[in-house]
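J.: Here it is: the structure, laid out below.
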Amino acid sequence: MSMTITEKILAAHSGQKTVKPGQLINADIDVIMCHDVTTPAAITMLAEKGMDHVFDTEKIVVTPDHFQPAKDIKSAELHKRLDKWCKKNKIKHYYPVGKAGVCHALLPEQGHIRPGETIVGGDSHTCTYGAFGAFSTGIGSTDLAAAIATGQLWFRVPSTIKFVLNGKLSHGVYSKDVILDIIARIGTDGARYQAMEFTGSTVSQMSMEARMTITNMAIEAGGKNGIMPVDDITKQYLTEHLKHKTEYTIYESDPDADYDRVEEFDCAALEPTVALPHLPSGGKPISEVAGMEMDQSYIGSCTNGRIEDLRIAAAILKGHKVAIRTIVVPATPEIWKQAMDEKLFDIFYDAGCVVSAPTCGACLGGFMGILAAHEKCVSTTNRNFVGRMGHPESGVYLASPATAAASAIEGKLTDPRKYM
Amino acid sequence: MPKAHVYKRDHINTDEIIPARYLNVDAEAELAQHCMEDIDTEFVNKVQPGDFIVAGHDFGCGSSREHAVWAIRGAKVAAVIAGSFARIFYRNAINCGFLVVELPGIEQKIKTGDELEIDAKNGKLINKTQNQTYDFTPLPDFALEIINNGGLLNQLAKK
């Protein structure tokens with residue numbers, strides 16, 4: 001029977017020859033991602049049930065990121081619980097402060113993500129890893145606890161929507177603009193419970209960093225997972241980053257696989273896009289919204305805090321001064337070091353930006369750039385829900401690093417092509 | 001008598017149910033004090049044990065934070081009845097042994113203050129105030145089994 005890439009991975013991990021959408025399966029898990037907000041609760045639950053053990057010390061990857069370094073006493077207590085548990089259970093891949101980074105940037109960078117595997121994480125943006133041809137989805141603390149103890153989870157096999165993205169992106173348009181446009185068209189529930197498979201010439205021209213921005217936001221359309229085919233660019237990235245286990249299996253969707261529907265996008269026609277509050281589906285072309293005054297620009301997160309994003313922002317900021325508070329957050333220590341070595345920090349400093357330690361920070365309203373009432377922030381993050389970055393009466397405008405940088409210079413939503 | 005708290009809105013997300021500024025704790029009683037805070041600051045003062053939250057489509061979208069389910073359960077809400085649910089919230093609720101009922105358009109039919117009763121096994125929602133009964137598709141057996149066992153971990157611990 002013909003299957004999609006998602007179905008093939010789930011079949012292979014549940015001991016079945018084939019699976020079909022709607023089927024309930026019990027799947028073996030290859031990688032479990034744990035961070036500081038959802039994992040401490042999972043640890044407590046396991047202890048309470050007398051199940052305080054881990055199924056495999058090498059398949060669990062742990063990093064504090066949301067509130068790291070600890071922002072207050074309560075988050076320090078979360079970190080303490082996480083740290084004690086990692087040491088007690090001899091978790092092999094533990095990234096404490098100093099090595100810690102925003103999980104979805106850190107795991108691929110440190111070589112924990114391989115094609116063909118099943119990956120779960122206690123974070124909704126775990127769908128990011130699908131850029132590598134893996135099945136990857138976000139779960140809550142109870143699922144996390146069950147996965148940690150047993151190495152398995154139940155799933156309902158999702159049906160798949162195929163997104164065929166064709167055309168060369170024009171100058172100043174990035175993968176963030178593509179995914180914001182897709183979500184604007186299908187809505188925040190347009191792919192609810194479903195797999196989002198992204199293919200086409202636009203995808204194959206993208207770097208892995210750019211691809212991860214797209215799969216990262218599959219959850220913002222309600223998707224269970226985002227997934228992309230493996231190609232030479234994927235393999236090259238893996239050659240450079242895999243170090244613990246280097247072999248992997250590549251799955252491809254059959255040409256006659258059964259899709260729920262196929263959506264085609266002409267990406268050549270896209271312009272820079274900004275998602276207005278308070279849903280990620282609020283995307284508008286920059287030409288319609290340019291000029292709206294902002295109070296802050298935020299460049300970082302698991303969506304757009306990678307080195308490529310910082311380079312794009314720096315190229316625009318070079319030789320300019322920012323007109324509003326501008327916060328740059330390299331997503332991992334390696335990205336931070338690379339940005340420093342490439343002298344990007346000089347550009348940010350000269351422009352009047354502040355550079356933070358790697359953290360999820362203000363993206364989810366944690367710390368490092370919280371908004372006051374009625375303030376507006378143009379942000380490279382992934383969600384603009386009510387109160388997401390601070391006060392319930394503040395507003396978040398989602399955009400690419402280029403748009404966030406250009407808007408920082410003018411203090412209002414600005415077409416980045418003006419500065420390129 | 002358990003009453004309905006109706007929010008005639010779609011896409012009520014986990015950031016509104018329990019804002020991230022409270023995610024530095026995971027104790028249910030503490031989370032419950034902030035339940036629904038960014039959509040209705042008065043909710044915690046109005047809610048009584050056994051009450052119901054009624055809302056529109058795509059309830060619980062956004063973050064994977066199970067804290068959203070814990071905050072609602074901690075506020076002693078008996079069940080959430082919504083037009084539909086976002087995937088992770090729905091799954092978290094089942095895993096916690098917390099009842100969720102999917103009934104498209106329900107937020108237009110029930111009024112805040114209506115007295116409700118749920119028969120989960122047979123898929124019936126009874127509105128005693130309006131003297132109406134609405135049928136819904138009961139949760140699949142495997143999900144009801146998890147709920148009846150008091151959640152996924154209790155079920156695993158039994159095995």
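Identifiers for the structure tokens are assigned positionally: chains receive A, B, ... in sequence, residues are indexed from 1 per chain, and ligands are indexed from 1 in the order shown.
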Residues of chain A within 9 Å of chain B, counting only C-alpha atoms, what are they? List them as a VMD selection string.

T.: chain A and resid 36 to 38 40 to 41 45 to 46 49 to 51 67 72 to 78 122 to 125 138 to 143 145 to 146 188 to 189 192 to 193 219 to 220 222 to 224 279 364 to 367 383 385 to 390 392

J.: For range 90-103 of chain A, list every protein, DNA or RNA residue within 8 Å, evaluated using only C-alpha atoms, and leave out those in the same chain fewer than 5 positions away; present the list as a ChimeraX atom specification.

T.: /A:33,35,57-58,60-66,68-69,83,301-302,331-333,358-360

J.: May I have the residues from that selection written out with N, CA, C and O atoms, as a PDB file, in the first residue's frame?

T.:
ATOM      1  N   MET A  33      12.739  15.069  23.906  1.00  0.00           N
ATOM      2  CA  MET A  33      13.301  16.376  24.262  1.00  0.00           C
ATOM      3  C   MET A  33      12.637  16.886  25.539  1.00  0.00           C
ATOM      4  O   MET A  33      11.417  16.879  25.650  1.00  0.00           O
ATOM      5  N   HIS A  35      12.577  20.063  28.554  1.00  0.00           N
ATOM      6  CA  HIS A  35      13.047  21.381  29.014  1.00  0.00           C
ATOM      7  C   HIS A  35      12.480  21.742  30.377  1.00  0.00           C
ATOM      8  O   HIS A  35      11.838  20.918  31.036  1.00  0.00           O
ATOM      9  N   THR A  57      19.002   6.066  28.882  1.00  0.00           N
ATOM     10  CA  THR A  57      19.689   7.312  29.289  1.00  0.00           C
ATOM     11  C   THR A  57      20.263   8.081  28.092  1.00  0.00           C
ATOM     12  O   THR A  57      20.618   9.233  28.224  1.00  0.00           O
ATOM     13  N   GLU A  58      20.341   7.412  26.932  1.00  0.00           N
ATOM     14  CA  GLU A  58      20.945   8.076  25.765  1.00  0.00           C
ATOM     15  C   GLU A  58      19.923   8.645  24.800  1.00  0.00           C
ATOM     16  O   GLU A  58      20.275   9.302  23.829  1.00  0.00           O
ATOM     17  N   ILE A  60      17.283  10.542  25.735  1.00  0.00           N
ATOM     18  CA  ILE A  60      16.622  11.699  26.337  1.00  0.00           C
ATOM     19  C   ILE A  60      17.600  12.869  26.273  1.00  0.00           C
ATOM     20  O   ILE A  60      18.755  12.734  26.667  1.00  0.00           O
ATOM     21  N   VAL A  61      17.146  13.988  25.706  1.00  0.00           N
ATOM     22  CA  VAL A  61      18.008  15.172  25.600  1.00  0.00           C
ATOM     23  C   VAL A  61      17.376  16.283  26.432  1.00  0.00           C
ATOM     24  O   VAL A  61      16.200  16.598  26.261  1.00  0.00           O
ATOM     25  N   VAL A  62      18.160  16.831  27.347  1.00  0.00           N
ATOM     26  CA  VAL A  62      17.607  17.795  28.303  1.00  0.00           C
ATOM     27  C   VAL A  62      18.335  19.132  28.236  1.00  0.00           C
ATOM     28  O   VAL A  62      19.570  19.187  28.275  1.00  0.00           O
ATOM     29  N   THR A  63      17.575  20.201  28.121  1.00  0.00           N
ATOM     30  CA  THR A  63      18.145  21.541  28.268  1.00  0.00           C
ATOM     31  C   THR A  63      17.125  22.455  28.936  1.00  0.00           C
ATOM     32  O   THR A  63      15.968  22.479  28.535  1.00  0.00           O
ATOM     33  N   PRO A  64      17.520  23.200  29.964  1.00  0.00           N
ATOM     34  CA  PRO A  64      16.639  24.288  30.381  1.00  0.00           C
ATOM     35  C   PRO A  64      16.694  25.363  29.300  1.00  0.00           C
ATOM     36  O   PRO A  64      17.768  25.594  28.724  1.00  0.00           O
ATOM     37  N   ASP A  65      15.567  25.975  28.964  1.00  0.00           N
ATOM     38  CA  ASP A  65      15.622  27.054  27.969  1.00  0.00           C
ATOM     39  C   ASP A  65      14.587  28.160  28.213  1.00  0.00           C
ATOM     40  O   ASP A  65      14.905  29.334  28.085  1.00  0.00           O
ATOM     41  N   HIS A  66      13.402  27.792  28.649  1.00  0.00           N
ATOM     42  CA  HIS A  66      12.361  28.818  28.736  1.00  0.00           C
ATOM     43  C   HIS A  66      12.727  29.941  29.704  1.00  0.00           C
ATOM     44  O   HIS A  66      12.569  31.116  29.375  1.00  0.00           O
ATOM     45  N   GLN A  68      15.837  30.121  31.310  1.00  0.00           N
ATOM     46  CA  GLN A  68      17.255  29.983  31.637  1.00  0.00           C
ATOM     47  C   GLN A  68      18.054  31.181  31.141  1.00  0.00           C
ATOM     48  O   GLN A  68      17.747  31.686  30.070  1.00  0.00           O
ATOM     49  N   PRO A  69      19.096  31.646  31.869  1.00  0.00           N
ATOM     50  CA  PRO A  69      19.388  31.292  33.258  1.00  0.00           C
ATOM     51  C   PRO A  69      18.215  31.696  34.144  1.00  0.00           C
ATOM     52  O   PRO A  69      17.507  32.647  33.813  1.00  0.00           O
ATOM     53  N   ASP A  83      17.875  19.436  37.186  1.00  0.00           N
ATOM     54  CA  ASP A  83      19.297  19.134  37.326  1.00  0.00           C
ATOM     55  C   ASP A  83      19.519  17.874  38.180  1.00  0.00           C
ATOM     56  O   ASP A  83      20.282  16.982  37.805  1.00  0.00           O
ATOM     57  N   SER A 301      14.440  33.304  19.256  1.00  0.00           N
ATOM     58  CA  SER A 301      13.494  32.189  19.412  1.00  0.00           C
ATOM     59  C   SER A 301      13.844  30.953  18.585  1.00  0.00           C
ATOM     60  O   SER A 301      14.737  30.987  17.733  1.00  0.00           O
ATOM     61  N   CYS A 302      13.075  29.886  18.823  1.00  0.00           N
ATOM     62  CA  CYS A 302      13.268  28.634  18.077  1.00  0.00           C
ATOM     63  C   CYS A 302      12.850  28.792  16.626  1.00  0.00           C
ATOM     64  O   CYS A 302      13.198  27.971  15.781  1.00  0.00           O
ATOM     65  N   ALA A 331      20.139  31.813  19.722  1.00  0.00           N
ATOM     66  CA  ALA A 331      19.368  30.715  20.319  1.00  0.00           C
ATOM     67  C   ALA A 331      20.202  29.700  21.084  1.00  0.00           C
ATOM     68  O   ALA A 331      19.681  29.006  21.950  1.00  0.00           O
ATOM     69  N   THR A 332      21.484  29.580  20.749  1.00  0.00           N
ATOM     70  CA  THR A 332      22.330  28.595  21.460  1.00  0.00           C
ATOM     71  C   THR A 332      23.703  29.214  21.732  1.00  0.00           C
ATOM     72  O   THR A 332      24.084  30.196  21.077  1.00  0.00           O
ATOM     73  N   PRO A 333      24.467  28.617  22.658  1.00  0.00           N
ATOM     74  CA  PRO A 333      25.826  29.138  22.898  1.00  0.00           C
ATOM     75  C   PRO A 333      26.698  29.117  21.629  1.00  0.00           C
ATOM     76  O   PRO A 333      27.480  30.030  21.405  1.00  0.00           O
ATOM     77  N   PRO A 358      21.461  32.950  25.398  1.00  0.00           N
ATOM     78  CA  PRO A 358      20.462  32.083  24.770  1.00  0.00           C
ATOM     79  C   PRO A 358      19.331  31.749  25.744  1.00  0.00           C
ATOM     80  O   PRO A 358      19.588  31.293  26.858  1.00  0.00           O
ATOM     81  N   THR A 359      18.113  31.980  25.347  1.00  0.00           N
ATOM     82  CA  THR A 359      16.937  31.707  26.177  1.00  0.00           C
ATOM     83  C   THR A 359      15.679  31.863  25.327  1.00  0.00           C
ATOM     84  O   THR A 359      15.709  32.542  24.301  1.00  0.00           O
ATOM     85  N   CYS A 360      14.585  31.229  25.767  1.00  0.00           N
ATOM     86  CA  CYS A 360      13.297  31.484  25.112  1.00  0.00           C
ATOM     87  C   CYS A 360      12.803  32.880  25.507  1.00  0.00           C
ATOM     88  O   CYS A 360      12.057  33.516  24.759  1.00  0.00           O
TER      89      CYS A 360
END

J.: As JSON, numbers by chain, please: every residue in range 42-150 of chain A that a backbone DSSP assignment puts in strand (DSSP E or B).

T.: {"A": [60, 61, 62, 93, 94, 118, 119, 120, 121, 135, 136, 137, 138]}
